[in-house]
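Note: the block below is run10.txt and it holds compact mmCIF, C-alpha atoms.
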```txt
# COMPACT_ATOMS: atom_id res chain seq x y z
CA MET A 25 0.00 0.00 0.00
CA ALA A 26 0.96 3.67 -0.25
CA THR A 27 2.98 5.28 2.51
CA SER A 28 2.22 8.69 3.98
CA GLY A 29 4.81 10.27 1.68
CA ASP A 30 3.08 8.76 -1.29
CA GLN A 31 -0.29 9.92 -0.04
CA SER A 32 0.66 13.59 -0.27
CA ALA A 33 1.54 13.12 -3.92
CA PHE A 34 -1.74 11.32 -4.55
CA SER A 35 -4.05 13.42 -2.40
CA ASP A 36 -6.66 13.55 -5.14
CA ILE A 37 -6.93 9.72 -5.35
CA GLN A 38 -8.89 7.55 -2.94
CA VAL A 39 -8.62 3.77 -2.96
CA LYS A 40 -11.31 1.58 -1.36
CA GLU A 41 -10.86 -2.13 -0.96
CA LEU A 42 -14.07 -3.79 -2.16
CA ASP A 43 -13.64 -7.52 -1.87
CA LYS A 44 -11.04 -10.09 -0.95
CA ARG A 45 -11.17 -13.37 -2.75
CA SER A 46 -8.93 -16.34 -3.12
CA SER A 47 -8.49 -15.39 -6.75
CA GLY A 48 -7.46 -11.81 -5.98
CA GLN A 49 -8.64 -8.48 -4.64
CA ALA A 50 -10.95 -5.80 -6.01
CA PHE A 51 -10.43 -2.07 -5.49
CA GLU A 52 -12.37 1.06 -6.29
CA VAL A 53 -10.28 4.07 -7.28
CA ILE A 54 -11.94 7.47 -6.79
CA LEU A 55 -10.40 10.53 -8.41
CA SER A 56 -11.27 13.94 -7.08
CA PRO A 57 -10.35 17.25 -8.68
CA SER A 58 -7.32 18.94 -7.14
CA THR A 59 -9.19 22.23 -6.67
CA PRO A 60 -12.94 22.53 -6.90
CA ASP A 61 -12.99 25.97 -8.60
CA VAL A 62 -10.65 24.93 -11.45
CA LYS A 63 -12.61 24.06 -14.52
CA VAL A 64 -10.92 21.38 -16.60
CA VAL A 65 -11.47 21.76 -20.33
CA PHE A 66 -11.50 18.57 -22.36
CA PRO A 67 -11.51 19.54 -25.98
CA LEU A 68 -13.81 17.30 -27.99
CA SER A 69 -12.28 18.41 -31.24
CA PRO A 70 -8.69 19.26 -32.06
CA ALA A 71 -7.44 22.76 -31.53
CA SER A 72 -9.29 25.28 -33.62
CA LYS A 73 -7.76 25.73 -37.01
CA LYS A 74 -7.40 28.84 -38.98
CA GLU A 75 -9.98 29.46 -41.64
CA LEU A 76 -8.99 28.06 -44.99
CA SER A 77 -9.34 30.22 -48.03
CA LEU A 78 -11.13 29.04 -51.14
CA GLU A 79 -7.84 28.79 -53.02
CA GLU A 80 -6.29 26.62 -50.29
CA ILE A 81 -9.31 24.32 -50.28
CA GLN A 82 -9.21 24.09 -54.06
CA ARG A 83 -5.47 23.37 -53.99
CA LYS A 84 -5.95 20.62 -51.40
CA LEU A 85 -8.77 19.10 -53.43
CA GLU A 86 -6.61 19.13 -56.56
CA ALA A 87 -3.71 17.53 -54.66
CA ALA A 88 -6.05 14.83 -53.33
CA GLU A 89 -7.39 14.23 -56.84
CA GLU A 90 -3.81 13.97 -58.17
CA ARG A 91 -2.92 11.46 -55.43
CA ARG A 92 -6.03 9.45 -56.27
CA LYS A 93 -5.12 9.42 -59.98
CA ILE A 94 -1.53 8.35 -59.24
CA GLN A 95 -2.76 5.58 -56.93
CA GLU A 96 -5.26 4.43 -59.56
CA SER A 97 -2.61 4.41 -62.31
CA GLU A 98 -0.24 2.40 -60.08
CA LEU A 99 -3.02 -0.09 -59.39
CA LEU A 100 -3.77 -0.40 -63.11
CA LYS A 101 -0.06 -0.87 -63.81
CA GLN A 102 0.14 -3.65 -61.20
CA LEU A 103 -2.93 -5.34 -62.65
CA ALA A 104 -1.47 -5.13 -66.17
CA GLU A 105 1.80 -6.65 -64.95
CA LYS A 106 -0.13 -9.42 -63.20
CA ARG A 107 -2.12 -10.17 -66.38
CA GLU A 108 1.08 -10.23 -68.43
CA HIS A 109 2.64 -12.66 -65.98
CA GLU A 110 -0.47 -14.86 -66.12
CA LYS A 111 -0.30 -14.86 -69.93
CA GLU A 112 3.38 -15.86 -69.81
CA VAL A 113 2.63 -18.68 -67.38
CA ILE A 114 -0.26 -19.94 -69.53
CA GLN A 115 1.90 -19.72 -72.68
CA LYS A 116 4.70 -21.68 -71.00
CA ALA A 117 2.23 -24.31 -69.77
CA MET A 118 0.79 -24.66 -73.27
CA GLU A 119 4.29 -25.03 -74.76
CA GLU A 120 5.16 -27.69 -72.19
CA ASN A 121 1.90 -29.49 -72.92
CA ASN A 122 2.54 -29.39 -76.69
CA LYS A 123 6.08 -30.62 -76.18
CA PHE A 124 4.84 -33.50 -74.03
CA SER A 125 2.14 -34.36 -76.58
CA LYS A 126 4.68 -34.44 -79.42
CA MET A 127 7.02 -36.65 -77.41
CA ALA A 128 4.18 -39.03 -76.52
CA GLU A 129 3.03 -39.14 -80.15
CA GLU A 130 6.58 -39.86 -81.36
CA LYS A 131 6.98 -42.68 -78.83
CA LEU A 132 3.62 -44.14 -79.82
CA THR A 133 4.54 -43.96 -83.51
CA GLN A 134 7.86 -45.68 -82.84
CA LYS A 135 6.13 -48.44 -80.87
CA MET A 136 3.55 -48.92 -83.60
CA GLU A 137 6.28 -49.14 -86.26
CA ALA A 138 8.26 -51.62 -84.16
CA ASN A 139 5.13 -53.73 -83.64
CA LYS A 140 4.39 -53.64 -87.36
CA GLU A 141 7.94 -54.68 -88.21
CA ASN A 142 7.82 -57.51 -85.64
CA ARG A 143 4.48 -58.68 -86.98
CA THR A 144 5.77 -58.58 -90.55
CA ALA A 145 8.89 -60.53 -89.54
CA ARG A 146 6.78 -63.16 -87.70
CA MET A 147 4.46 -63.49 -90.68
CA ALA A 148 7.42 -63.88 -93.04
CA ALA A 149 8.92 -66.54 -90.77
CA LEU A 150 5.61 -68.41 -90.61
CA ASN A 151 5.23 -68.21 -94.40
CA GLU A 152 8.75 -69.58 -94.82
CA LYS A 153 7.99 -72.37 -92.38
CA PHE A 154 4.77 -73.25 -94.23
CA LYS A 155 6.60 -73.23 -97.57
CA GLU A 156 9.18 -75.66 -96.14
CA LYS A 157 6.38 -77.92 -94.87
CA ASP A 158 4.65 -77.74 -98.24
CA LYS A 159 7.89 -78.74 -99.98
CA LYS A 160 8.32 -81.70 -97.62
CA LEU A 161 4.72 -82.75 -98.14
CA GLU A 162 5.16 -82.53 -101.88
CA GLU A 163 8.30 -84.63 -101.67
CA VAL A 164 6.50 -87.22 -99.54
CA ARG A 165 3.64 -87.35 -102.06
CA LYS A 166 6.05 -87.79 -104.97
CA ASN A 167 7.92 -90.53 -103.12
CA LYS A 168 4.65 -92.24 -102.28
CA GLU A 169 3.49 -92.04 -105.90
CA THR A 170 6.75 -93.39 -107.19
CA LYS A 171 6.60 -96.26 -104.74
CA GLU A 172 3.02 -96.98 -105.69
CA THR A 173 3.84 -96.99 -109.35
CA GLU A 174 6.75 -99.30 -108.74
CA THR A 175 4.74 -101.66 -106.59
CA VAL A 176 1.72 -101.73 -108.84
CA PRO A 177 2.25 -104.34 -111.56
CA GLU A 178 1.35 -103.46 -114.99
CA CYS A 179 -1.18 -105.60 -116.52
```

Since I need it in another form, could you write the structure as structure tokens?
Amino acid sequence: MATSGDQSAFSDIQVKELDKRSSGQAFEVILSPSTPDVKVVFPLSPASKKELSLEEIQRKLEAAEERRKIQESELLKQLAEKREHEKEVIQKAMEENNKFSKMAEEKLTQKMEANKENRTARMAALNEKFKEKDKKLEEVRKNKETKETETVPEC
């Protein structure tokens, strides 16, 4: 609490203890004016300003309008830069997509050509194999016919 020396410095403040609780204490602080006849002025508005002339008001309005125009032009410039960046990003994405599509198409074409070549080679091998079998069959037939003609007596 305040000592007697502190009380002289704070003679316009009164402190009343309201309530003691386990969670803490509550106080009421009462302020009293230092002298009753002194009227304290609390200005509700800032200090009175000098009257502005019509030219000064016009000049301030023009300056405000100029600031507004500059701010608006900067905002438009930022928006234009942002749009340009978006266009660049979209263009780059489209180029990457086209590049990927071309690569995929080339790979697919190569695979299809390889499959076609393999199929053609397999077909050629099968045809060759069938031709060999046909030749053997023909030989067997000829041999059989010659044997039959030899074994068949002529009448």

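From CA of Leu55 in chain A back to CA of Lys40 in chain A, the distance works out to 11.4 Å.
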
Legend entry - For Gln38 in chain A, the nearest of the candidates A:Arg143, A:Lys166, A:Phe154, A:Ser56, counting all atoms listed in the file: A:Ser56

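Separating CA of His109 in chain A from CA of Ala128 in chain A is a distance of 28.4 Å.
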
Inset, instruction - Find the distance between CA of Ile54 in chain A and CA of Leu42 in chain A and write it in Å to one decimal. - result: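 Between CA of Ile54 in chain A and CA of Leu42 in chain A the gap works out to 12.4 Å.
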